[in-house]
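S.K.: The structure under discussion is supplied below as structure tokens; questions concerning it will follow.
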There are 4 protein chains.
Amino acid sequence: MRNINEECGIFGIYSPIDTDVAQTTYYGLYALQHRGQESCGIAVSDNNIITYFKDIGLVHEVFIPERISTLGEGKIAIGHVRYCTTGSNDRINAQPIVVNNLTRSLALVHNGNLVNAYELRKELEEEGAIFSTTSDTEVISHIIIRERLKSDSIEEAIQKTMHIIQGAYSLSVIAENKLIVVRDMHGFRPLSFGKTEDGRYIVASESCALDVVGAKFIRDVSPGEIVVFDEQGIHSITDNCNLAPSKICAFEYIYFSRGDSIINGRSVYEARRTAGQCLAKHFPVNADIVIAVPDSGIDAALGYAEESGIPYNIGFIKNRYVARTFISAGQKERENKVRLKLNPISAVVKGKRLVLIDDSIVRGTTSLKIIQLLRNAGAKEIHMRVSAPPIINSCYYGVDIDIKEGLIAAKYSIKEIEKILGLDSLAFLSHDCLAKMLNTEVNKGYCCACFGGEYPTILPQNRDKNKFESKINSKKKAYYEKL
Amino acid sequence: MRNINEECGIFGIYSPIDTDVAQTTYYGLYALQHRGQESCGIAVSDNNIITYFKDIGLVHEVFIPERISTLGEGKIAIGHVRYCTTGSNDRINAQPIVVNNLTRSLALVHNGNLVNAYELRKELEEEGAIFSTTSDTEVISHIIIRERLKSDSIEEAIQKTMHIIQGAYSLSVIAENKLIVVRDMHGFRPLSFGKTEDGRYIVASESCALDVVGAKFIRDVSPGEIVVFDEQGIHSITDNCNLAPSKICAFEYIYFSRGDSIINGRSVYEARRTAGQCLAKHFPVNADIVIAVPDSGIDAALGYAEESGIPYNIGFIKNRYVARTFISAGQKERENKVRLKLNPISAVVKGKRLVLIDDSIVRGTTSLKIIQLLRNAGAKEIHMRVSAPPIINSCYYGVDIDIKEGLIAAKYSIKEIEKILGLDSLAFLSHDCLAKMLNTEVNKGYCCACFGGEYPTILPQNRDKNKFESKINSKKKAYYEKL
Amino acid sequence: MRNINEECGIFGIYSPIDTDVAQTTYYGLYALQHRGQESCGIAVSDNNIITYFKDIGLVHEVFIPERISTLGEGKIAIGHVRYCTTGSNDRINAQPIVVNNLTRSLALVHNGNLVNAYELRKELEEEGAIFSTTSDTEVISHIIIRERLKSDSIEEAIQKTMHIIQGAYSLSVIAENKLIVVRDMHGFRPLSFGKTEDGRYIVASESCALDVVGAKFIRDVSPGEIVVFDEQGIHSITDNCNLAPSKICAFEYIYFSRGDSIINGRSVYEARRTAGQCLAKHFPVNADIVIAVPDSGIDAALGYAEESGIPYNIGFIKNRYVARTFISAGQKERENKVRLKLNPISAVVKGKRLVLIDDSIVRGTTSLKIIQLLRNAGAKEIHMRVSAPPIINSCYYGVDIDIKEGLIAAKYSIKEIEKILGLDSLAFLSHDCLAKMLNTEVNKGYCCACFGGEYPTILPQNRDKNKFESKINSKKKAYYEKL
Amino acid sequence: MRNINEECGIFGIYSPIDTDVAQTTYYGLYALQHRGQESCGIAVSDNNIITYFKDIGLVHEVFIPERISTLGEGKIAIGHVRYCTTGSNDRINAQPIVVNNLTRSLALVHNGNLVNAYELRKELEEEGAIFSTTSDTEVISHIIIRERLKSDSIEEAIQKTMHIIQGAYSLSVIAENKLIVVRDMHGFRPLSFGKTEDGRYIVASESCALDVVGAKFIRDVSPGEIVVFDEQGIHSITDNCNLAPSKICAFEYIYFSRGDSIINGRSVYEARRTAGQCLAKHFPVNADIVIAVPDSGIDAALGYAEESGIPYNIGFIKNRYVARTFISAGQKERENKVRLKLNPISAVVKGKRLVLIDDSIVRGTTSLKIIQLLRNAGAKEIHMRVSAPPIINSCYYGVDIDIKEGLIAAKYSIKEIEKILGLDSLAFLSHDCLAKMLNTEVNKGYCCACFGGEYPTILPQNRDKNKFESKINSKKKAYYEKL
């Protein structure tokens, strides 16, 4: 139902003694499942021997107990969840990427997106490198391995790699009996670490995964920082810190992260509530109730209700059971796919003037159906308030936003969108409010390129960034459409 | 995580012409999935030939598109979802029960529980009947078939059957090219029907399933009523109506049903909100915020907030991904199972005086863990308000409540429970408020036997009602524990 | 590739103490797999509690180790394999049939076919019985249960049942802590038993299954005999013996049974070799080599070679890997399905005059393709010798022969068949030789109804014996053909 | 049951127009399944876009019809089957190896083994290459890609590659819209090609796969030859031919290949039969019957019988159903695993003096059990004749023979083996006879290093050739043994 997707979530664990690190990684990935539902994988290092498994599916589907057992015990593990695209079935691109070299093995998980992956890949190919996936993570592993040959240590190799790869990357790496984690110099994607009572270090894309495995939050990895966990304990390398302005992705607060996570010191829940309050202050309306598109609009809706004094109500019931394939070959599509997932509570909305809160509008197609469901359920007025600014640009940092042509706010004015969606009124979060939401000043510390802000990095020369992959995918797509 | 479970949800469709009735049933069951996650099944009748499939698993797991296709088209279909018990793997007891007789086939789905199933089964066995399941639904099918032999019509047979079987039953039956639905004389379990724009009749345990398949709600099936859908249209048989007082299960409003359902004319969402308001009126407290145990406590929490003026906040993030097996053989259980599912938002609860709303307390074990999570997250005071009266008795009408010995409220006073759970205060919904919640007078029209009210029927002579099944299950259980 | 199929194989074990009887049954069924590849099942009795599992698939596919474990230990187990029909997917009709009655449980496996099943089923239905399968085994279980009500013991009930059911049946039954095995009064289907060194009794359709589980062959169950295994040891009930002439199915020797089995005291391998020798004696030919259609023609081919002095050669390589689905939707059928399974060795057949031995000809379609393959490989002359008489009648005793209309020998003379198949000469086994093969006199002790002999029992009144089942199957078939 | 395993079988197809090349490859792999049962894979090239799938399992298990469909149509496909090692589950090492490079994709299947893979891999790693598998096929793909950078054409790159890699390799490669096949300069492994009536070229390890897909055999690929199939038709590059003596693996005739295959112009069936005749001539014995260990000893047994005049009989029934996991956790191993697969026909062997033919003896453990089964079945004398010389050395060319320490003939004299196995007499094929079997002179044109002949190439410096892999495997093995 979404037209916007996070690419991934990553996890890592370093235990001073051999333990069930795969099991803990399983729990961590389970807590990060919202960041990616397409595929997942876990790699375990037991004294430099890396065993791993990855496949298409949710964490609990892929990692049945027997599967976790075969990974065995160890001191280090990393894990990954990857997002879901309809019809794709691409086991090769799942992570971790594992390098099985005789001398120096490596396992790598990545959240983000490189802007110079295509150029680097071309260069590497020209030097004879071969690729077995279409993922930029494989590019990173090539470069680390090559830099390692010219470096005195794996840490040095990674530090140099950070000057070669550009874009967004939070990495968790197993190499040479160490767990090494890295956040790009802009810090686009979140990454934090903590420690359990029994001394195991945990790294995760979001702090909620630390909570779930019983680790106490220590701190975020800083933009540009390398943190090494090994027999000596923790060691931080900060040579690449402060070389670039911090640019956390605003969408982490708006939509991706779980409300119980704290990112860069800011509670995601509080951020969303603040956005709702701002919307109420700047775009008040005479209405009977505030409702939200579940789940991502609920926090902001509570903020709106609080600020406006209009009572919050539950407008929809969302079906909690994940059913990935709704449509069989011969189906006549009597059924509305949005309705299968969301059903308005008519007892709540009938005859009411509604404030409807959603976190964002991408293409507008889902919003349109939701508004129709509310009208059919008897809503009298619908005033939509969106807890993000209009999305008008693509993202090159790991968020799968539609190409510009598909973005409704890139093509139409707010008044026009109001009309297209059949709304009584529509308002988006202002850039001032966005800054307030993120507890900072406008354009300070966060990336808002998709809202029309500056791109913090060079852009991919080849904007059709996954040229190769898209060739393969278009072939597959054609197949699936034929079905 | 729950110690209380609904037995099932049922669905039926009658289409004047052959259509993809299995597909529509799939969508309906998907909307009823919250009523049962253990197993599911669909039977399709194409001109008296009944094809069916049932298996362990969620609806979307069992009914992959190819499976639905093999059921083919037809005029009539029924479907069933059944609840989940840990470790059980019992394909035989899945429904529909299908009788493959040469002369008169029958397919049957059932929500409820008979109180005289054991006695009836014994009688039937003494007359030579054989049973292939341990389910009381098979008892019903035997009796319908036998009564049919002595009756002029299937309707008459079903009407007589209703005087033989006692207890709670909402049935959906395919027989003799008709869809026949029945609600027991007390109307313990909900059942309603509607019609799609293209003239297909839909029957479902809850109205939310009508919405999802695009059917307009017509009305509830009345207690004691038989509704027949066939070539002639709808036909209602009311001979067994008004022979007993209406006794809808209060727990349908408190916990089982979806908030978007309307049962016996009462919105489930409104009922819960009303309960929250009552709790606020009768058990006020000085607190900073109201939070709920998701999802079942949220509606009442909003009511409490509204009435009390204390702001409602989101206290927990619930992991939405269903992971049925958390524990692998060797796992050292460092991890807290409740925490895997529920994580408090510390930014919200830290240093706060909380009103915590939950829909009910059964054994108290989950509540205890939730309260500990809140304390660890820094809650200052916790005042728990429960939107149901204390549960002190077992249920014989299709709800899997622990035996009396396991019910915390049957053993301890409210003050004692307060202490056991580590609460600053605790209050339950009063019986007056329960009546208000259900929009009726105390003890009028609903069953509250589990709260200490009268049982509306005779009780099973053999209280250990599933004597046979439990022998089998104990064997299985022993096996699973050994693992 | 065959147009003739055995219905099933059965197995049973009685152990004086609780052991892994399910595991032993697994091995036994594995040895009987050639008797049925559609579905299989195992039931285990542990002190009157019967647990079981059955499903579509080969024994090793259905009974993965975890599945066997869940069946637990016990004193008694029975098992069943069932034959394969293309496209069918009928889990309901798998065996054992298990009666889960409160007072008297029963589990039953059956090899054979009743000739009065339809009539009995109708009678039972008229008395109120319900059926959940379309299998005649369920009819038998109904009757045993009913007779048990009127009898002093389960043995008496079974003995009476044998006077009610007519046709071919070898049964293995778990009831009242006993393993009870039965062979119909004609002894159509084989059944024998043995004992392991550690005192466990084993019953199986064929003696090869006794060998595989390490049991020493004791003897065949006699036609009409009931053998009871319980705490007292073995007990034989012979009241129903010698009430009818023995009529072992000749096809057990010709085709179904494994060469290492000994049935009614006659080695299956020796029987086939004898048939080959007879063919050589009565239908000699000038040829260079003798080859066989593998695997069923090999034993007879060796007999032919021995008697004639013409050397035996391997004419074909048979692909040993079971691949059930060869044809995908869009396939253009360039490939010849017979060729996928059988490839002639051109080095052997090129330019040679061949004697080609096969065990039987049913429709002739496979023979035609085989002969074409040989011609393409350069065979100069092909003289086919068939180690069975021409099949001209249907079977009602558990063998799935084509209806009469499909049998090539029922429509054409031997000369005509010779021409149709493109043979240089063709000969079938004579009835005298068949008797010699079975070590008896013509028509003495065996059933040869399909070869034009007398049917030993009444015939089904309703010859379209599986009227009900075929209605269902035709619906399914239509579906599969649509694919 | 075998202690000797072929590594793989390969297949390729070039079609002038887009067709269902994946489907044809499926049939070809099905015919080559005997060369490898662990894993399989198919890659399809549609205008330089390579889609592929590979997994653990038999061909018909992995390539269900839907899976083949997703590979789509194309002009070129290659396929691979890989052998089975107990307990291993190694999806990563399945083939094809596919290089997904932006500029030049490549897909590669390989049968054989490189002797300098370790050294080449080390060199490549030192230049920055990364490996994702432990297979030497990945080494080949690296080198082809690197050589391509320095060459004018892919053909030139492959030709140069052949001077870098040493050992045994038959390759089938998709690159730059061509199908390119290669046989190493010694021609260790077989490879031949043919053409279908509709103009599609087929390449396969064995000619039996050409037969099965309806292709007419054209010829073997010569040792050192590169054959290119593209829009221009066939093109042969012979620059690397005749640079080394031909060294076809003798075991292809003794055991691996199917009897219906013709390799280097010699019928495999004829070769085996000749070996049997030689054994009879040189090691005659007074015996009653000749029997074989099925299936690999049958052809030689027929030759022995023919030459000696002692009649051939079927001594064992082999269970044709592949059941990979026999042993569940708690099993007490009453059952003899060899007996589950092979059952002697006691009617045949009882009281007889037997000549027992097997194709080879590796460790002797299986032979020992087979001989015990025969003794238990009543064999009077057992004279074993082996249709291969004693195996006394390891193989480095793609055959998985036990390390030297495990080879019974490397440790014991023939007299000692006779005693160990409990035989009345034992004889092996002489080297003269081996040459006769292969239709050549002693040591001319074939490799017999494992029988004590010269190794045709340098040996791996690191004899523990799969050092890396074995580290991983030993970890896994430990895990499986713990189970």
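So you can find residues: chains in the structure tokens are A, B, ... in the order shown, residues in each start at 1, and ligands are numbered from 1 in order.
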Using only C-alpha atoms, determine which residues of chain A fall within 6 Å of chain D; present them as a list in words.

M.R.: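 Contact residues on the first chain: Val99, Asn100, Asn101, Gly128, Ile130, Phe131, Ser132 and Arg146 of chain A.
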
S.K.: Excluding Arg219 in chain C and residues on its chain fewer than 3 positions from it, collect all residues at most 9 Å away from it, counting only C-alpha atoms, and give them as a list in words.

M.R.: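 Listing them by chain and then by number gives Leu191, Ser192, Phe193, Gly194, Ser222, Asn264 and Gly265 of chain C.
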
S.K.: What lies within 6 Å of range 14-29 of chain A using only C-alpha atoms, ignoring chain neighbours under 2 positions off, as a PyMOL selection string?

M.R.: chain A and resi 31-33+73-77+200-201+209

S.K.: Store the residues picked out above, limited to N, CA and C atoms, as a tab-separated table (two decimals), in the first residue's frame.

M.R.:
```tsv
chain	number	residue	atom	x	y	z
A	31	ALA	N	12.75	-7.14	15.59
A	31	ALA	CA	12.39	-5.78	16.01
A	31	ALA	C	12.60	-4.76	14.90
A	32	LEU	N	13.40	-5.10	13.90
A	32	LEU	CA	13.67	-4.18	12.79
A	32	LEU	C	12.88	-4.57	11.53
A	33	GLN	N	12.01	-5.53	11.67
A	33	GLN	CA	11.29	-6.05	10.51
A	33	GLN	C	10.56	-4.96	9.73
A	73	GLU	N	27.07	-21.46	17.24
A	73	GLU	CA	27.45	-20.39	18.18
A	73	GLU	C	28.64	-19.61	17.63
A	74	GLY	N	28.94	-18.53	18.28
A	74	GLY	CA	30.08	-17.74	17.86
A	74	GLY	C	30.21	-16.50	18.71
A	75	LYS	N	31.18	-15.67	18.38
A	75	LYS	CA	31.36	-14.42	19.10
A	75	LYS	C	30.71	-13.26	18.38
A	76	ILE	N	30.61	-13.35	17.05
A	76	ILE	CA	30.14	-12.21	16.27
A	76	ILE	C	29.04	-12.65	15.31
A	77	ALA	N	28.04	-11.81	15.18
A	77	ALA	CA	27.03	-12.04	14.15
A	77	ALA	C	26.55	-10.69	13.62
A	200	ARG	N	27.63	-8.24	26.27
A	200	ARG	CA	27.61	-8.35	24.82
A	200	ARG	C	27.26	-7.00	24.21
A	201	TYR	N	28.02	-6.59	23.22
A	201	TYR	CA	27.73	-5.33	22.54
A	201	TYR	C	26.74	-5.57	21.40
A	209	ALA	N	15.64	-2.05	18.69
A	209	ALA	CA	16.22	-3.40	18.63
A	209	ALA	C	17.16	-3.65	19.80
```

S.K.: To test your reading of the structure, identify every residue in range 341-390 of chain B that backbone DSSP assigns to helix (DSSP H, G or I), and report it as a list of chain:residue names.

M.R.: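 Of range 341-390 of chain B, the ones in helix (DSSP H, G or I) are B:Lys341, B:Ser346, B:Ala347, B:Val348, B:Val349, B:Thr365, B:Thr366, B:Ser367, B:Leu368, B:Lys369, B:Ile370, B:Ile371, B:Gln372, B:Leu373, B:Leu374, B:Arg375, B:Asn376.
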
S.K.: I need the strand (DSSP E or B) residues of range 69-206 of chain C per DSSP on the backbone, written as a PyMOL selection string.

M.R.: chain C and resi 74-82+97-99+106-114+167-175+178-183+192-196+201-204

S.K.: How many Å lie between CA of Thr196 in chain C and CA of Arg320 in chain D, rounded to one decimal?

M.R.: 24.7 Å

S.K.: Excluding Asp432 in chain C and any residue of its chain fewer than 6 positions from it, enumerate the residues within 10 Å of it, using only C-alpha atoms, and give them as a list in words.

M.R.: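 Within the cut-off, the hits are Cys278, Pro389, Thr440, Glu441, Val442 and Asn443 of chain C.
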
S.K.: Write out the residues from the selection above, keeping all heavy atoms, as a tab-separated table (two decimals), in the first residue's frame.

M.R.:
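Printed below is part00.tsv as written:
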```tsv
chain	number	residue	atom	x	y	z
C	278	CYS	N	8.45	-70.60	-20.39
C	278	CYS	CA	7.29	-71.12	-21.13
C	278	CYS	C	7.15	-70.41	-22.46
C	278	CYS	O	6.87	-71.04	-23.49
C	278	CYS	CB	6.01	-70.90	-20.33
C	278	CYS	SG	5.87	-72.01	-18.94
C	389	PRO	N	-1.33	-63.54	-20.09
C	389	PRO	CA	-2.33	-63.68	-21.14
C	389	PRO	C	-2.90	-62.30	-21.51
C	389	PRO	O	-2.72	-61.34	-20.77
C	389	PRO	CB	-3.42	-64.56	-20.49
C	389	PRO	CG	-2.75	-65.22	-19.33
C	389	PRO	CD	-1.71	-64.24	-18.85
C	440	THR	N	0.54	-74.22	-10.16
C	440	THR	CA	-0.75	-74.83	-9.83
C	440	THR	C	-1.37	-75.35	-11.12
C	440	THR	O	-0.72	-75.45	-12.15
C	440	THR	CB	-1.67	-73.81	-9.13
C	440	THR	OG1	-2.93	-74.41	-8.90
C	440	THR	CG2	-1.86	-72.56	-9.98
C	441	GLU	N	-2.64	-75.76	-11.04
C	441	GLU	CA	-3.35	-76.18	-12.25
C	441	GLU	C	-4.19	-75.03	-12.79
C	441	GLU	O	-4.50	-74.09	-12.07
C	441	GLU	CB	-4.27	-77.35	-11.90
C	441	GLU	CG	-3.51	-78.61	-11.51
C	441	GLU	CD	-4.43	-79.57	-10.78
C	441	GLU	OE1	-5.54	-79.84	-11.31
C	441	GLU	OE2	-4.06	-80.02	-9.68
C	442	VAL	N	-4.59	-75.17	-14.06
C	442	VAL	CA	-5.35	-74.10	-14.69
C	442	VAL	C	-6.58	-73.76	-13.85
C	442	VAL	O	-7.34	-74.65	-13.47
C	442	VAL	CB	-5.76	-74.49	-16.13
C	442	VAL	CG1	-6.70	-73.44	-16.72
C	442	VAL	CG2	-4.52	-74.64	-16.99
C	443	ASN	N	-6.71	-72.44	-13.59
C	443	ASN	CA	-7.88	-71.94	-12.86
C	443	ASN	C	-7.98	-72.42	-11.42
C	443	ASN	O	-9.02	-72.23	-10.77
C	443	ASN	CB	-9.18	-72.30	-13.60
C	443	ASN	CG	-9.55	-71.20	-14.56
C	443	ASN	OD1	-9.21	-70.04	-14.31
C	443	ASN	ND2	-10.21	-71.54	-15.64
```
